[in-house]
$ cat target.txt   # compact mmCIF, C-alpha atoms
# COMPACT_ATOMS: atom_id res chain seq x y z
CA MET A 1 0.00 0.00 0.00
CA SER A 2 1.15 3.51 -0.71
CA ASN A 3 0.50 4.79 2.80
CA PRO A 4 0.10 2.72 5.92
CA GLN A 5 -2.99 3.35 7.98
CA LEU A 6 -2.78 6.39 10.22
CA VAL A 7 -3.68 5.75 13.83
CA MET A 8 -3.69 8.50 16.44
CA TYR A 9 -3.30 7.88 20.17
CA ASP A 10 -4.05 10.22 23.10
CA GLU A 11 -0.42 10.75 24.06
CA GLU A 12 0.77 11.82 20.62
CA PHE A 13 -2.40 13.80 19.99
CA GLN A 14 -1.60 15.87 23.07
CA GLU A 15 2.02 16.35 21.99
CA ILE A 16 0.93 17.45 18.52
CA ASN A 17 -1.55 19.91 19.93
CA ASP A 18 1.13 21.34 22.22
CA VAL A 19 3.45 21.92 19.25
CA ILE A 20 0.86 23.55 17.00
CA GLY A 21 -0.54 25.53 19.97
CA ARG A 22 2.91 26.98 20.55
CA LEU A 23 3.35 27.65 16.83
CA LEU A 24 0.04 29.52 16.81
CA LYS A 25 1.35 31.93 19.45
CA GLU A 26 4.90 32.26 18.17
CA ALA A 27 3.87 32.85 14.57
CA ASN A 28 1.00 35.15 15.56
CA ALA A 29 -1.32 33.06 13.41
CA LYS A 30 -5.13 32.91 13.44
CA VAL A 31 -5.64 29.20 12.90
CA ILE A 32 -3.43 26.18 12.37
CA PHE A 33 -4.56 22.83 10.99
CA LEU A 34 -2.86 19.51 10.55
CA VAL A 35 -4.26 17.41 7.72
CA ASP A 36 -3.47 13.92 6.52
CA LYS A 37 -2.40 13.75 2.84
CA ASN A 38 -5.58 11.77 2.18
CA GLY A 39 -7.71 14.72 3.27
CA GLN A 40 -8.58 13.77 6.85
CA LEU A 41 -8.31 16.50 9.47
CA ILE A 42 -5.96 15.48 12.26
CA SER A 43 -6.15 18.49 14.53
CA GLY A 44 -6.64 22.23 14.63
CA VAL A 45 -5.94 25.11 17.02
CA GLY A 46 -7.00 28.76 17.14
CA GLU A 47 -10.25 30.15 15.77
CA THR A 48 -11.22 26.77 14.30
CA GLU A 49 -14.96 27.22 14.91
CA ARG A 50 -15.05 29.99 12.29
CA PHE A 51 -14.14 27.56 9.54
CA ASP A 52 -15.59 24.50 7.87
CA THR A 53 -12.63 22.39 8.91
CA THR A 54 -13.69 19.21 7.09
CA SER A 55 -13.94 20.99 3.73
CA LEU A 56 -10.74 22.85 4.42
CA ALA A 57 -8.90 19.59 5.06
CA SER A 58 -10.19 17.95 1.91
CA LEU A 59 -9.39 20.93 -0.32
CA THR A 60 -5.92 21.35 1.20
CA ALA A 61 -5.13 17.71 0.47
CA GLY A 62 -6.48 18.13 -3.07
CA ASN A 63 -4.32 21.21 -3.47
CA ILE A 64 -1.19 19.43 -2.25
CA ALA A 65 -1.97 16.43 -4.45
CA ALA A 66 -2.43 18.64 -7.52
CA THR A 67 0.78 20.61 -6.94
CA GLY A 68 2.56 17.32 -6.20
CA GLY A 69 1.41 16.10 -9.61
CA LEU A 70 2.76 19.30 -11.18
CA ALA A 71 6.07 18.84 -9.37
CA LYS A 72 6.48 15.34 -10.78
CA LEU A 73 5.77 16.62 -14.28
CA ILE A 74 8.73 18.98 -14.09
CA GLY A 75 10.97 16.44 -12.39
CA GLU A 76 10.66 17.62 -8.78
CA LYS A 77 9.79 15.22 -5.95
CA GLU A 78 7.23 17.60 -4.47
CA PHE A 79 6.71 21.26 -3.67
CA SER A 80 7.08 21.22 0.07
CA ILE A 81 5.77 24.75 0.67
CA LEU A 82 2.77 26.54 -0.85
CA PHE A 83 1.81 30.11 -0.11
CA HIS A 84 -1.52 31.72 -0.95
CA GLU A 85 -1.82 35.47 -0.50
CA GLY A 86 -5.22 37.06 -0.04
CA GLU A 87 -6.41 40.61 0.60
CA LYS A 88 -6.60 40.08 4.34
CA ASP A 89 -5.74 36.50 5.14
CA ASN A 90 -2.94 34.31 3.84
CA LEU A 91 -2.35 30.58 3.85
CA HIS A 92 1.01 28.94 4.38
CA ILE A 93 0.85 25.23 3.56
CA SER A 94 3.77 22.90 4.07
CA ILE A 95 4.42 19.16 4.07
CA VAL A 96 5.69 17.70 7.32
CA GLY A 97 7.60 14.43 7.45
CA GLY A 98 6.45 13.51 3.94
CA ARG A 99 2.90 12.64 4.92
CA VAL A 100 1.05 15.30 6.89
CA ILE A 101 0.15 18.82 5.83
CA LEU A 102 0.54 21.83 8.11
CA VAL A 103 -1.76 24.74 7.29
CA VAL A 104 -1.16 28.15 8.89
CA LEU A 105 -3.69 30.93 8.37
CA PHE A 106 -2.44 34.40 9.22
CA ASP A 107 -3.18 38.07 8.54
CA SER A 108 -1.24 41.35 8.66
CA ARG A 109 -0.48 40.91 12.36
CA SER A 110 2.11 38.39 11.25
CA SER A 111 4.36 38.10 8.21
CA LEU A 112 5.41 35.42 5.75
CA GLY A 113 8.99 35.55 7.04
CA LEU A 114 7.96 34.97 10.64
CA VAL A 115 5.59 32.16 9.70
CA ARG A 116 8.23 30.41 7.59
CA LEU A 117 10.78 30.64 10.37
CA ARG A 118 8.47 29.27 13.07
CA VAL A 119 7.00 26.60 10.82
CA LYS A 120 10.46 25.26 10.11
CA LYS A 121 11.19 24.69 13.78
CA SER A 122 7.78 23.19 14.55
CA SER A 123 7.97 20.92 11.49
CA GLU A 124 11.00 19.18 12.90
CA GLU A 125 9.23 18.55 16.20
CA LEU A 126 6.11 17.32 14.41
CA SER A 127 8.15 15.00 12.18
CA THR A 128 9.62 13.35 15.25
CA ILE A 129 6.19 12.84 16.81
CA PHE A 130 4.74 11.35 13.62
CA GLU A 131 7.70 9.02 13.23
CA LYS A 132 7.14 7.82 16.77
CA LEU A 133 3.45 7.41 16.02
CA MET A 134 4.07 5.32 12.91
CA LYS A 135 6.47 3.06 14.79
CA LYS A 136 4.00 2.68 17.62
CA SER A 137 1.13 1.64 15.37
CA GLU A 138 3.39 -0.73 13.43
CA GLU A 139 4.47 -2.41 16.65
CA ARG A 140 0.90 -2.67 17.86
CA GLU A 141 -0.13 -4.13 14.54
CA LYS A 142 2.61 -6.77 14.80
CA ARG A 143 1.41 -7.73 18.24
CA GLY A 144 -2.03 -8.29 16.77
CA SER A 145 -4.93 -5.91 16.63
CA SER A 146 -6.55 -7.01 19.86
CA GLU A 147 -7.14 -3.49 21.11
CA PHE A 148 -8.49 -2.39 17.79
CA PRO A 149 -12.06 -1.31 18.49
CA PHE A 150 -13.41 -2.86 15.33
CA ALA A 151 -12.10 -6.35 15.91
CA GLU A 152 -15.10 -7.23 18.05
CA ILE A 153 -17.91 -5.57 16.19
CA THR A 154 -20.69 -7.76 14.95
CA ASP A 155 -22.69 -7.63 11.75
CA ASP A 156 -25.55 -6.30 13.85
CA ASP A 157 -23.44 -3.33 14.95
CA ILE A 158 -22.82 -2.50 11.31
CA ASP A 159 -26.47 -3.00 10.34
CA ASN A 160 -27.58 -0.75 13.20
CA LEU A 161 -25.69 2.15 11.66
CA PHE A 162 -27.98 2.05 8.68
CA SER A 163 -31.29 1.49 10.40
CA MET B 1 -6.45 4.25 4.16
CA SER B 2 -8.85 4.90 6.98
CA PHE B 3 -7.74 7.20 9.77
CA ILE B 4 -8.40 6.02 13.31
CA ASN B 5 -8.20 8.66 16.00
CA TYR B 6 -8.26 7.28 19.54
CA ALA B 7 -7.99 10.77 20.99
CA SER B 8 -11.23 12.04 19.45
CA ARG B 9 -12.67 8.51 19.08
CA GLU B 10 -13.29 8.76 15.37
CA ILE B 11 -12.85 6.57 12.34
CA ASN B 12 -12.66 8.25 8.94
CA CYS B 13 -13.00 6.36 5.67
CA LYS B 14 -12.81 7.43 2.04
CA ILE B 15 -15.19 6.25 -0.68
CA VAL B 16 -14.55 7.13 -4.34
CA TYR B 17 -17.25 7.12 -7.03
CA TYR B 18 -15.64 6.24 -10.37
CA GLY B 19 -17.06 5.93 -13.87
CA PRO B 20 -17.19 7.40 -17.38
CA GLY B 21 -18.15 11.01 -18.07
CA LEU B 22 -21.82 11.90 -17.47
CA CYS B 23 -22.62 8.53 -15.86
CA GLY B 24 -24.09 10.19 -12.74
CA LYS B 25 -21.35 10.20 -10.07
CA THR B 26 -22.03 13.78 -9.03
CA THR B 27 -25.79 13.13 -9.18
CA ASN B 28 -25.33 10.25 -6.72
CA LEU B 29 -23.60 12.57 -4.25
CA GLN B 30 -26.16 15.33 -4.77
CA TYR B 31 -28.98 12.94 -3.95
CA VAL B 32 -27.22 11.71 -0.81
CA TYR B 33 -26.64 15.32 0.17
CA GLN B 34 -30.31 16.28 -0.33
CA LYS B 35 -31.66 13.36 1.62
CA THR B 36 -29.31 13.38 4.61
CA ALA B 37 -30.24 15.10 7.88
CA PRO B 38 -28.32 18.38 8.33
CA ASP B 39 -26.53 17.18 11.47
CA ALA B 40 -25.14 14.13 9.67
CA LYS B 41 -23.54 15.90 6.75
CA GLY B 42 -21.05 18.64 6.03
CA LYS B 43 -20.94 20.99 3.10
CA MET B 44 -20.81 19.44 -0.36
CA ILE B 45 -17.96 20.81 -2.40
CA SER B 46 -17.95 20.63 -6.19
CA LEU B 47 -14.92 21.72 -8.15
CA ALA B 48 -16.63 21.96 -11.51
CA THR B 49 -16.42 23.88 -14.77
CA GLU B 50 -18.96 26.55 -15.72
CA THR B 51 -20.94 23.91 -17.55
CA GLU B 52 -21.11 21.83 -14.35
CA ARG B 53 -18.73 19.15 -15.50
CA THR B 54 -16.55 17.92 -12.64
CA LEU B 55 -13.10 19.47 -12.98
CA PHE B 56 -11.27 17.98 -10.02
CA PHE B 57 -13.65 16.33 -7.56
CA ASP B 58 -16.88 16.53 -5.58
CA PHE B 59 -16.61 16.00 -1.87
CA LEU B 60 -19.27 15.15 0.70
CA PRO B 61 -18.53 14.30 4.34
CA LEU B 62 -21.10 12.12 6.09
CA SER B 63 -21.26 10.87 9.63
CA LEU B 64 -23.12 7.63 10.11
CA GLY B 65 -23.28 7.33 13.88
CA GLU B 66 -21.32 5.40 16.45
CA ILE B 67 -19.97 1.89 16.62
CA ARG B 68 -18.67 0.86 20.03
CA GLY B 69 -18.14 4.47 21.02
CA PHE B 70 -16.34 5.41 17.81
CA LYS B 71 -17.88 7.98 15.50
CA THR B 72 -17.81 6.66 11.94
CA ARG B 73 -17.29 9.23 9.23
CA PHE B 74 -17.31 8.64 5.51
CA HIS B 75 -15.80 11.02 3.01
CA LEU B 76 -17.43 10.62 -0.40
CA TYR B 77 -15.45 11.72 -3.46
CA THR B 78 -16.19 11.62 -7.17
CA VAL B 79 -13.58 11.73 -9.90
CA PRO B 80 -13.85 13.74 -13.13
CA GLY B 81 -15.11 11.20 -15.66
CA GLN B 82 -13.83 12.79 -18.87
CA VAL B 83 -10.96 10.81 -20.35
CA PHE B 84 -8.43 13.66 -20.46
CA TYR B 85 -8.64 14.32 -16.71
CA ASP B 86 -6.70 11.16 -15.93
CA ALA B 87 -3.97 12.90 -13.89
CA SER B 88 -6.63 14.27 -11.52
CA ARG B 89 -8.37 10.92 -11.20
CA LYS B 90 -5.17 9.28 -10.01
CA LEU B 91 -4.78 11.84 -7.24
CA ILE B 92 -8.27 11.28 -5.88
CA LEU B 93 -7.73 7.54 -5.56
CA LYS B 94 -4.97 8.14 -3.00
CA GLY B 95 -5.93 6.68 0.34
CA VAL B 96 -9.17 5.14 -0.93
CA ASP B 97 -10.99 2.63 1.31
CA GLY B 98 -13.79 1.64 -1.03
CA VAL B 99 -14.85 2.16 -4.65
CA VAL B 100 -18.24 2.51 -6.32
CA PHE B 101 -18.13 2.10 -10.09
CA VAL B 102 -21.08 3.94 -11.61
CA ALA B 103 -21.87 2.48 -15.01
CA ASP B 104 -24.03 4.22 -17.59
CA SER B 105 -26.62 1.63 -18.67
CA GLN B 106 -27.17 3.13 -22.12
CA GLU B 107 -26.06 0.92 -24.96
CA GLU B 108 -23.98 3.64 -26.64
CA ARG B 109 -21.94 4.08 -23.43
CA ILE B 110 -20.85 0.48 -23.01
CA ASP B 111 -17.42 1.15 -24.54
CA ALA B 112 -16.96 4.17 -22.29
CA ASN B 113 -17.85 2.00 -19.28
CA ILE B 114 -15.34 -0.66 -20.22
CA GLU B 115 -12.62 1.91 -20.83
CA SER B 116 -13.28 3.64 -17.52
CA LEU B 117 -13.24 0.36 -15.61
CA GLU B 118 -9.88 -0.57 -17.14
CA ASN B 119 -8.63 2.89 -16.29
CA LEU B 120 -9.76 2.40 -12.67
CA ARG B 121 -7.85 -0.86 -12.41
CA ILE B 122 -4.68 0.66 -13.87
CA ASN B 123 -4.82 3.79 -11.71
CA LEU B 124 -5.39 1.76 -8.56
CA LYS B 125 -2.49 -0.48 -9.42
CA GLU B 126 -0.24 2.56 -9.79
CA GLN B 127 -1.12 3.50 -6.22
CA GLY B 128 -0.42 -0.02 -5.01
CA TYR B 129 -4.03 -1.20 -4.74
CA ASP B 130 -5.74 -4.21 -6.26
CA LEU B 131 -9.37 -3.64 -7.23
CA ASP B 132 -10.17 -7.29 -6.46
CA LYS B 133 -9.03 -6.81 -2.86
CA LEU B 134 -10.76 -3.49 -2.20
CA PRO B 135 -14.35 -3.06 -1.03
CA TYR B 136 -15.93 -2.54 -4.43
CA ILE B 137 -19.51 -2.15 -5.70
CA ILE B 138 -20.97 -1.65 -9.17
CA GLN B 139 -23.99 0.54 -9.78
CA TYR B 140 -25.88 0.27 -13.08
CA ASN B 141 -27.25 3.79 -13.36
CA LYS B 142 -29.87 5.32 -15.65
CA ARG B 143 -32.09 2.23 -15.58
CA ASP B 144 -35.06 4.49 -16.40
CA LEU B 145 -33.78 5.41 -19.87
CA PRO B 146 -35.28 3.65 -22.92
CA GLY B 147 -31.80 2.80 -24.29
CA ALA B 148 -30.73 0.95 -21.14
CA MET B 149 -29.09 -2.42 -21.77
CA PRO B 150 -30.38 -5.49 -19.93
CA VAL B 151 -28.57 -5.99 -16.62
CA GLU B 152 -27.40 -9.47 -17.66
CA GLU B 153 -25.46 -7.98 -20.58
CA LEU B 154 -23.96 -5.24 -18.43
CA ARG B 155 -22.96 -7.82 -15.86
CA ARG B 156 -21.23 -9.91 -18.50
CA GLU B 157 -19.21 -6.93 -19.71
CA LEU B 158 -18.52 -5.12 -16.45
CA ASN B 159 -18.82 -7.52 -13.54
CA PRO B 160 -16.97 -10.74 -14.33
CA THR B 161 -15.88 -11.13 -10.69
CA ASN B 162 -19.46 -10.90 -9.38
CA VAL B 163 -19.06 -8.06 -6.91
CA PRO B 164 -22.26 -6.69 -5.32
CA GLU B 165 -24.24 -4.72 -7.89
CA PHE B 166 -27.20 -2.36 -7.79
CA GLU B 167 -29.59 -0.92 -10.33
CA ALA B 168 -30.13 2.79 -9.94
CA CYS B 169 -31.65 5.96 -11.23
CA ALA B 170 -29.59 8.63 -9.51
CA THR B 171 -31.83 11.52 -10.55
CA THR B 172 -34.79 10.06 -8.65
CA GLY B 173 -32.56 8.48 -6.01
CA GLU B 174 -33.49 4.90 -6.71
CA GLY B 175 -30.64 2.61 -5.66
CA VAL B 176 -28.43 5.48 -4.45
CA PHE B 177 -28.54 4.75 -0.73
CA GLU B 178 -28.52 1.01 -1.31
CA THR B 179 -25.21 1.44 -3.15
CA LEU B 180 -23.73 3.68 -0.48
CA LYS B 181 -24.78 1.41 2.37
CA ALA B 182 -23.37 -1.64 0.63
CA VAL B 183 -19.94 -0.10 0.09
CA ALA B 184 -19.83 1.38 3.61
CA LYS B 185 -20.66 -2.01 5.02
CA LEU B 186 -17.91 -3.71 3.02
CA ILE B 187 -15.42 -1.13 4.29
CA LEU B 188 -16.44 -1.68 7.91
CA ILE B 189 -16.21 -5.45 7.49
CA ASP B 190 -12.73 -4.93 6.06
CA LEU B 191 -11.77 -2.80 9.05
CA LYS B 192 -13.14 -5.45 11.35
CA LYS B 193 -10.72 -7.93 9.85
CA GLY B 194 -8.02 -5.50 10.96
CA LYS B 195 -6.50 -5.47 7.52
$ encode --input "target.txt" --output "structure tokens"
Amino acid sequence: MSNPQLVMYDEEFQEINDVIGRLLKEANAKVIFLVDKNGQLISGVGETERFDTTSLASLTAGNIAATGGLAKLIGEKEFSILFHEGEKDNLHISIVGGRVILVVLFDSRSSLGLVRLRVKKSSEELSTIFEKLMKKSEEREKRGSSEFPFAEITDDDIDNLFS
Amino acid sequence: MSFINYASREINCKIVYYGPGLCGKTTNLQYVYQKTAPDAKGKMISLATETERTLFFDFLPLSLGEIRGFKTRFHLYTVPGQVFYDASRKLILKGVDGVVFVADSQEERIDANIESLENLRINLKEQGYDLDKLPYIIQYNKRDLPGAMPVEELRRELNPTNVPEFEACATTGEGVFETLKAVAKLILIDLKKGK
């Protein structure tokens, strides 16, 4: 498979939120999202309630996928940073650890330079956490998926969803 | 691949509707969107041309309810059906958990169906997937049209492996939810196996 299944645990979730929470303050950003390359929202901090986060995640992933396709066409591996400038708000999108997407939304209270600088530092921390996370889920998978919540579901459970 | 979040107790899965141009993929999603309770769905996004042909994808997030304390969410995507959008179609298949192939039942579209199905198999293979191992459903759409081929003939051409199949008329909604439920169920059964 191209990408192994992403599994998130409480401990790493907390660590990730700490990192992006700090980035939010240090970069003077409005909102920060972490999105899986497949379009699933992993987490968000800041004024998240103002945005349709699910749509945002899916479109960001589509955006990264499309620019990734462009990159390959011209012989690049990927474009690791995208920047969208608006009248008031701007988006800084970057790829972390090859598989997750970090989205920083900021306005004139911050600047592209500051965001780039802070994102760089946070990206390294996030990469480490995601590496740890991947190892952890691989190990758990090897040990068998006994704690996997779906191992014990019955056909009735599934049918009940659609009743 | 599905995303399991123990922290927020959520499971997210991705379903892709595939098929030739104008077969009714977007119409399927539009019907699901219209008939779903507001609290169970998010906004439907369509990246389409001015003539309402899908340019990149349609996207509809649905939440189905809880299984054993885990919220199950399905993200429905369509691909652009027109042949020359192949680069975009490949991108949308990334991370897919289940596929619905929407076939156009009209006789004059049988070649387009076959071509699209072959294209699906090739594009999946490029991403490291095997269509025969994925949760996969076929929908024979446009059954209401006078030029619709008999299902037996469509089956012979498009469903040699005998995957679950449904007859539909996406504009009136006939067969739409049956298709969606069937693919969602296959995905959950797959997850249960802990694949």
$ residues_around --input "target.txt" --residues "Val32 in chain B" --least-positions-apart "3" --cutoff "8 Å" --atoms "only C-alpha atoms" --output "PDB file with C-alpha atoms, in the frame of the given file"
ATOM      1  CA  ASN B  28     -25.330  10.250  -6.720  1.00  0.00           C
ATOM      2  CA  LEU B  29     -23.600  12.570  -4.250  1.00  0.00           C
ATOM      3  CA  LYS B  35     -31.660  13.360   1.620  1.00  0.00           C
ATOM      4  CA  THR B  36     -29.310  13.380   4.610  1.00  0.00           C
ATOM      5  CA  VAL B 176     -28.430   5.480  -4.450  1.00  0.00           C
ATOM      6  CA  PHE B 177     -28.540   4.750  -0.730  1.00  0.00           C
TER       7      PHE B 177
END
$ closest_residue --input "target.txt" --among "B:Ile189, B:Leu93, B:Ala103, B:Leu64" --to "Ser116 in chain B" --atoms "only C-alpha atoms"
B:Ala103
$ closest_residue --input "target.txt" --among "A:Gly98, A:Gly39, A:Gly46, A:Gly21" --to "Glu131 in chain A" --atoms "all atoms listed in the file"
A:Gly98
$ residues_around --input "target.txt" --residues "range 53-62 of chain A" --least-positions-apart "4" --cutoff "7 Å" --atoms "only C-alpha atoms" --output "ChimeraX atom specification"
/A:35,37-41,66
$ write_last_selection --input "target.txt" --atoms "C-alpha atoms" --output "mmCIF file, in the frame of the given file"
data_model
loop_
_atom_site.group_PDB
_atom_site.id
_atom_site.type_symbol
_atom_site.label_atom_id
_atom_site.label_comp_id
_atom_site.auth_asym_id
_atom_site.auth_seq_id
_atom_site.Cartn_x
_atom_site.Cartn_y
_atom_site.Cartn_z
ATOM 1 C CA VAL A 35 -4.260 17.410 7.720
ATOM 2 C CA LYS A 37 -2.400 13.750 2.840
ATOM 3 C CA ASN A 38 -5.580 11.770 2.180
ATOM 4 C CA GLY A 39 -7.710 14.720 3.270
ATOM 5 C CA GLN A 40 -8.580 13.770 6.850
ATOM 6 C CA LEU A 41 -8.310 16.500 9.470
ATOM 7 C CA ALA A 66 -2.430 18.640 -7.520
#
$ closest_residue --input "target.txt" --among "B:Ala148, B:Arg89, B:Ala182, B:Leu120" --to "Glu108 in chain B" --atoms "all atoms listed in the file"
B:Ala148
$ interface_residues --input "target.txt" --of "chain B" --to "chain A" --cutoff "7 Å" --atoms "all atoms listed in the file" --output "PyMOL selection string"
chain B and resi 1-7+64-65+67+91+94-95+127-129+185+191-194
$ atom_distance --input "target.txt" --atom1 "CA of Arg53 in chain B" --atom2 "CA of Val96 in chain B"
22.4 Å
$ atom_distance --input "target.txt" --atom1 "CA of Gly19 in chain B" --atom2 "CA of Val102 in chain B"
5.0 Å
$ residues_near_point --input "target.txt" --point "(-23.9, 15.7, 7.3)" --cutoff "9 Å" --atoms "only C-alpha atoms" --output "list in words"
Tyr33, Thr36, Ala37, Pro38, Asp39, Ala40, Lys41, Gly42, Lys43, Leu60, Pro61, Leu62, Ser63 and Leu64 of chain B
$ write_last_selection --input "target.txt" --atoms "C-alpha atoms" --output "compact mmCIF listing (two decimals), in the coordinates of the input"
# COMPACT_ATOMS: atom_id res chain seq x y z
CA TYR B 33 -26.64 15.32 0.17
CA THR B 36 -29.31 13.38 4.61
CA ALA B 37 -30.24 15.10 7.88
CA PRO B 38 -28.32 18.38 8.33
CA ASP B 39 -26.53 17.18 11.47
CA ALA B 40 -25.14 14.13 9.67
CA LYS B 41 -23.54 15.90 6.75
CA GLY B 42 -21.05 18.64 6.03
CA LYS B 43 -20.94 20.99 3.10
CA LEU B 60 -19.27 15.15 0.70
CA PRO B 61 -18.53 14.30 4.34
CA LEU B 62 -21.10 12.12 6.09
CA SER B 63 -21.26 10.87 9.63
CA LEU B 64 -23.12 7.63 10.11
$ atom_distance --input "target.txt" --atom1 "CA of Asp130 in chain B" --atom2 "CA of Lys181 in chain B"
21.6 Å
$ closest_residue --input "target.txt" --among "B:Thr72, B:Asn159, B:Gln34, B:Thr27" --to "Lys142 in chain B" --atoms "only C-alpha atoms"
B:Thr27
$ closest_residue --input "target.txt" --among "A:Phe79, A:Phe130, A:Phe51, A:Phe106" --to "Leu24 in chain A" --atoms "all atoms listed in the file"
A:Phe106
$ decode --input "target.txt" --residues "range 114-130 of chain B" --atoms "N, CA and C atoms" --output "mmCIF file, in the first residue's frame"
data_model
loop_
_atom_site.group_PDB
_atom_site.id
_atom_site.type_symbol
_atom_site.label_atom_id
_atom_site.label_comp_id
_atom_site.auth_asym_id
_atom_site.auth_seq_id
_atom_site.Cartn_x
_atom_site.Cartn_y
_atom_site.Cartn_z
ATOM 1 N N ILE B 114 -16.442 0.311 -20.224
ATOM 2 C CA ILE B 114 -15.340 -0.660 -20.215
ATOM 3 C C ILE B 114 -13.994 0.059 -20.105
ATOM 4 N N GLU B 115 -13.871 1.145 -20.856
ATOM 5 C CA GLU B 115 -12.625 1.914 -20.833
ATOM 6 C C GLU B 115 -12.371 2.498 -19.442
ATOM 7 N N SER B 116 -13.426 3.024 -18.836
ATOM 8 C CA SER B 116 -13.281 3.638 -17.523
ATOM 9 C C SER B 116 -12.915 2.605 -16.449
ATOM 10 N N LEU B 117 -13.520 1.418 -16.576
ATOM 11 C CA LEU B 117 -13.242 0.357 -15.615
ATOM 12 C C LEU B 117 -11.789 -0.111 -15.717
ATOM 13 N N GLU B 118 -11.302 -0.213 -16.950
ATOM 14 C CA GLU B 118 -9.885 -0.574 -17.140
ATOM 15 C C GLU B 118 -8.979 0.506 -16.565
ATOM 16 N N ASN B 119 -9.375 1.754 -16.797
ATOM 17 C CA ASN B 119 -8.626 2.893 -16.288
ATOM 18 C C ASN B 119 -8.571 2.882 -14.753
ATOM 19 N N LEU B 120 -9.706 2.508 -14.134
ATOM 20 C CA LEU B 120 -9.760 2.398 -12.669
ATOM 21 C C LEU B 120 -8.750 1.372 -12.171
ATOM 22 N N ARG B 121 -8.747 0.208 -12.823
ATOM 23 C CA ARG B 121 -7.854 -0.864 -12.410
ATOM 24 C C ARG B 121 -6.383 -0.429 -12.522
ATOM 25 N N ILE B 122 -6.064 0.220 -13.642
ATOM 26 C CA ILE B 122 -4.680 0.664 -13.872
ATOM 27 C C ILE B 122 -4.276 1.722 -12.851
ATOM 28 N N ASN B 123 -5.151 2.710 -12.650
ATOM 29 C CA ASN B 123 -4.818 3.794 -11.714
ATOM 30 C C ASN B 123 -4.678 3.296 -10.278
ATOM 31 N N LEU B 124 -5.506 2.331 -9.909
ATOM 32 C CA LEU B 124 -5.392 1.756 -8.560
ATOM 33 C C LEU B 124 -4.061 1.027 -8.416
ATOM 34 N N LYS B 125 -3.717 0.303 -9.450
ATOM 35 C CA LYS B 125 -2.487 -0.477 -9.423
ATOM 36 C C LYS B 125 -1.280 0.435 -9.243
ATOM 37 N N GLU B 126 -1.324 1.584 -9.920
ATOM 38 C CA GLU B 126 -0.236 2.561 -9.788
ATOM 39 C C GLU B 126 -0.068 3.035 -8.350
ATOM 40 N N GLN B 127 -1.170 3.057 -7.613
ATOM 41 C CA GLN B 127 -1.123 3.499 -6.217
ATOM 42 C C GLN B 127 -0.853 2.331 -5.267
ATOM 43 N N GLY B 128 -0.703 1.143 -5.841
ATOM 44 C CA GLY B 128 -0.419 -0.016 -5.009
ATOM 45 C C GLY B 128 -1.658 -0.760 -4.525
ATOM 46 N N TYR B 129 -2.803 -0.498 -5.143
ATOM 47 C CA TYR B 129 -4.029 -1.196 -4.741
ATOM 48 C C TYR B 129 -4.433 -2.229 -5.789
ATOM 49 N N ASP B 130 -5.184 -3.225 -5.364
ATOM 50 C CA ASP B 130 -5.742 -4.209 -6.264
ATOM 51 C C ASP B 130 -7.263 -4.136 -6.145
#
